[in-house]
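Enquirer: First the structure, which I've put down as structure tokens, then a few questions once you've had a look.
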Amino acid sequence: MAQPDSQWLYIITDSVIRNSTNITSFVDLLPEGSNVAFIYNATDSDTYCNVSLKCHIQELVSGLANALRMSLMTEIELYSHMSDEDFELVRLNKLERRQEILKNINIKLIEDTFATGGVCGKCLVWRFASGITWGNFFSRGKNVAHLIESGTWMPVLGANLTDALFPHVAHGFRGISVPVATYHNPPWQTIQLSKTGEKEYDGLVFDVVKYLGRKLNFTYTVISPASNRTVKFTRNETIADVVLTSTTREMPSQIIDMIRDKRVLLAACAYTVNDRGQEEINFTLPIFIQTYSFLTAKPGQLSRALLFTAPFAKETWACLAASIIIMGPILYLVHKSSPISTRTSGLRSSWQCVWYVYGALLQQGGMYLPHSDSARLLIGVWWLVVMVVVATYSGSLVAFLTFPNMDVAILTVEGLLAYKDRITWGFPNGSYLEEFLKNADEEKYHTLLKRSIIHNATQAPEIIERVKAGKHALIDWRSTLRFAMRSDLLLTEGCAFSLSTDEFMDEPIAMIIGRDSPYIKVINAELHRMHESGLMNKWISEQIPTKDKCSDSFSQGVEERKVNVADMQGIFFVLFMGVTGSIFLLCCEFCCHKRQVSKRRKLIQPFVS
């Protein structure tokens, strides 16, 4: 019941009878982290002490009379130096007069108590003793609590506190230095060497620990396992080191031993909340919630070989082709059926009408126009259609030349599964994601796990290169992937990665504390306030910036660009195919003409003079 969030005041009334004014024997009963205070009778029974009620009444009446006399003399003195009007303005009101009389009574009682004539309850004294228990039970030279004198109580003077009755409630750990354990695991906790060779501790977890120290009034000394090497962590680390070595699923066994043996207050380490080791350790309130996403290569630009066909969909092109084929015979029938049509108009066959309609679509017109009004009305309507189609095509083509068409980005789990025949995916070995996917209810997560590849640390360079090449997707914490993207931008030009928008799992990250630690509620209360005030998000944004060139690339303005050969290659291919086709048809025409000439030579024609 004696916990840091409760206060207990024990009153010991028979200490004088038992002659045991030294109450240090109670120290052994004080548990760690408790807020316990004692008030005990410290009356000196060897000194004469008149504790009768009559004596106290006489002292109080004497003090009251003296206070009234002093107040009256002060008022008379003030009245003699000013007029009646001024005196009414500056004289004391009822509340001020009451406070002055009580103050004078207190002064009189103090003087009488410490004078030789004051004997009413002079020997009757009660003392306050407060227990100091916070942080005394770690292995640093003090394994037991101790008491401090925090004040006295006397019948006349009342309570006189020289310190807080419950020091830990008012002052927390009272500025002592407590040990914490950590190891190098950027960006959560980092160990660096300063220019003087001293270790410096930084990272997201130490931002939390420093704030806890200010709120709970303690400093800390850091203990790190001997097997954990000190690494100078800089922002130029390779992507592979950042992505695949920053883990919260594994921790040096020495850290767990320190927590179990109560040698440290807590482990200043980021650790995933799970059911392992619950008999030996406990977790604080989650300090961060990590969500999982996946990293893929940046979508590339699609081929622009057929850019001239991009403004219209396939259905639109099919409708235009059908319109040309249908409009030709219709124009021929209308022109032929009209009684005022002439045979010299150049529209003497359906094939000629088709070429006329095709030329009008390309805004080239023709040598001949129909003479009948019905055929001219049909041609006029077709020209109107051509005007709308050409204007629409021209405007859309400019837009497609200005904004390159990009490949579809893989931003969701469904999108990733849709590309399962073109791309593989995986996550680091020991990831918390594996347990989540096994226990998930949705079938897509089971498929995601079934086709996943487990990565080892030695495969890091190969995996990063495969992600850049667009052949693999890396699944990990969103913050870790964002940090990898940011590191890549510092190493290379441009942006090579694309981060998904789908966040499909939450992994709570907390610090480790002793299983039976009494400070868990106090620490959790402060962590809750950090979350509510937005400090956690602030520290994450400082250590792992959320914006970079990749995230800003789509919001930047469009730069001026020139149309290059790649943009126009498709139309040149069409030109080449047209020239090749025309040469082929020319050869066919020569062959047909030669055959016709040879046939004519075999025929015997009559001679006509």
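Ligands are numbered from 1 in the order shown, residues from 1 within each chain, and chains are lettered A, B, ... in the order they appear in the structure tokens.
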Any idea what's packed within 10 Å of Ile256 of chain A, counting only C-alpha atoms, ignoring anything in its chain fewer than 5 positions away? Could you give it as a list of chain:residue names?
Expert: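 What passes the distance filter is A:Ala181, A:Met251, A:Asp261, A:Lys262, A:Ala267, A:Gly277, A:Glu280, A:Ile281, A:Ile512, A:Ile513, A:Gly514.
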Enquirer: Could you jot down the atom CA of Phe403 of chain A to atom CA of Phe308 of chain A separation for me, Å, one decimal place?
Expert: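 Spanning atom CA of Phe403 of chain A to atom CA of Phe308 of chain A is a straight-line distance of 13.6 Å.
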Enquirer: Could you pull out the strand (DSSP E or B) residues of segment 339-445 of chain A from DSSP and send them as a PyMOL selection string?
Expert: chain A and resi 406+424-428
Enquirer: Could the residues in this selection be saved with N, CA and C atoms as a PDB file, in the first residue's frame?
Expert:
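Output below, filename out_11.pdb:
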ATOM      1  N   MET A 406       3.764   8.797 -65.665  1.00  0.00           N
ATOM      2  CA  MET A 406       4.554   7.958 -64.777  1.00  0.00           C
ATOM      3  C   MET A 406       3.883   6.612 -64.571  1.00  0.00           C
ATOM      4  N   THR A 424       9.143  -8.934 -55.568  1.00  0.00           N
ATOM      5  CA  THR A 424       9.161  -9.697 -54.317  1.00  0.00           C
ATOM      6  C   THR A 424       9.177  -8.719 -53.143  1.00  0.00           C
ATOM      7  N   TRP A 425       8.967  -9.226 -51.960  1.00  0.00           N
ATOM      8  CA  TRP A 425       9.001  -8.382 -50.764  1.00  0.00           C
ATOM      9  C   TRP A 425       9.486  -9.206 -49.579  1.00  0.00           C
ATOM     10  N   GLY A 426       9.906  -8.485 -48.540  1.00  0.00           N
ATOM     11  CA  GLY A 426      10.393  -9.156 -47.342  1.00  0.00           C
ATOM     12  C   GLY A 426      10.615  -8.161 -46.223  1.00  0.00           C
ATOM     13  N   PHE A 427      10.979  -8.676 -45.037  1.00  0.00           N
ATOM     14  CA  PHE A 427      11.214  -7.841 -43.859  1.00  0.00           C
ATOM     15  C   PHE A 427      12.379  -8.428 -43.066  1.00  0.00           C
ATOM     16  N   PRO A 428      13.014  -7.630 -42.179  1.00  0.00           N
ATOM     17  CA  PRO A 428      14.180  -8.106 -41.431  1.00  0.00           C
ATOM     18  C   PRO A 428      13.833  -9.278 -40.520  1.00  0.00           C
TER      19      PRO A 428
END
Enquirer: Using only C-alpha atoms, which residue out of A:Phe573, A:Phe206, A:Phe173, A:Phe137 lies closest to Gln189 of chain A?
Expert: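 The closest residue to Gln189 of chain A is A:Phe206.
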Enquirer: Please measure the separation of atom CA of Arg127 of chain A and atom CA of Glu149 of chain A, giving the value in Å to one decimal.
Expert: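 Going from atom CA of Arg127 of chain A over to atom CA of Glu149 of chain A covers 7.5 Å.
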Enquirer: Between atom CA of Asp373 of chain A and atom CA of Thr316 of chain A, what distance in Å does the model show, to one decimal?
Expert: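 Atom CA of Thr316 of chain A lies 29.9 Å from atom CA of Asp373 of chain A.
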Enquirer: Find the residue from A:Thr309, A:Ser62, A:Ser83, A:Ser374 that sits nearest to Leu331 of chain A; use only C-alpha atoms when measuring.
Expert: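 Under the stated criterion, the closest residue is A:Ser374.
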Enquirer: Just want the 12 Å neighbourhood of Leu448 of chain A, counted on only C-alpha atoms, with same-chain residues fewer than 2 positions away dropped. Output as a ChimeraX atom specification.
Expert: /A:294,412-420,424-427,433-434,436-438,440,442-446,450-453,473,475,504
Enquirer: So that I can check the surroundings of Tyr40 of chain A, please list as a CSV table (one decimal) with N, CA and C atoms, in the first residue's frame every protein, DNA and RNA residue that reaches within 7 Å of it, counting only C-alpha atoms and ignoring chain neighbours fewer than 6 positions away.
Expert:
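Okay, this is what ended up in around.csv:
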chain,number,residue,atom,x,y,z
A,11,ILE,N,1.4,8.5,13.6
A,11,ILE,CA,1.4,9.3,14.9
A,11,ILE,C,1.9,8.3,16.0
A,12,ILE,N,3.0,8.6,16.6
A,12,ILE,CA,3.5,7.7,17.7
A,12,ILE,C,3.4,8.5,19.0
A,13,THR,N,2.4,8.0,19.8
A,13,THR,CA,2.1,8.8,21.0
A,13,THR,C,2.8,8.4,22.3
A,15,SER,N,6.0,7.4,22.6
A,15,SER,CA,7.5,7.3,22.6
A,15,SER,C,8.2,7.8,23.8
A,126,TRP,N,6.5,17.9,19.9
A,126,TRP,CA,6.3,16.8,19.0
A,126,TRP,C,7.2,17.1,17.7
A,127,ARG,N,7.8,16.0,17.2
A,127,ARG,CA,8.7,16.2,16.1
A,127,ARG,C,8.2,15.4,14.9
A,128,PHE,N,8.5,16.0,13.7
A,128,PHE,CA,8.2,15.4,12.4
A,128,PHE,C,9.4,14.8,11.8
Enquirer: Can you tell me, as a list in words, what residues are no more than 8 Å from Val178 of chain A when counting only C-alpha atoms, ignoring any on the same chain fewer than 6 positions away?
Expert: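 In the requested form, the answer reads Gly135, Phe138, Phe218, Thr219, Tyr220, Thr221, Val264 and Leu265 of chain A.
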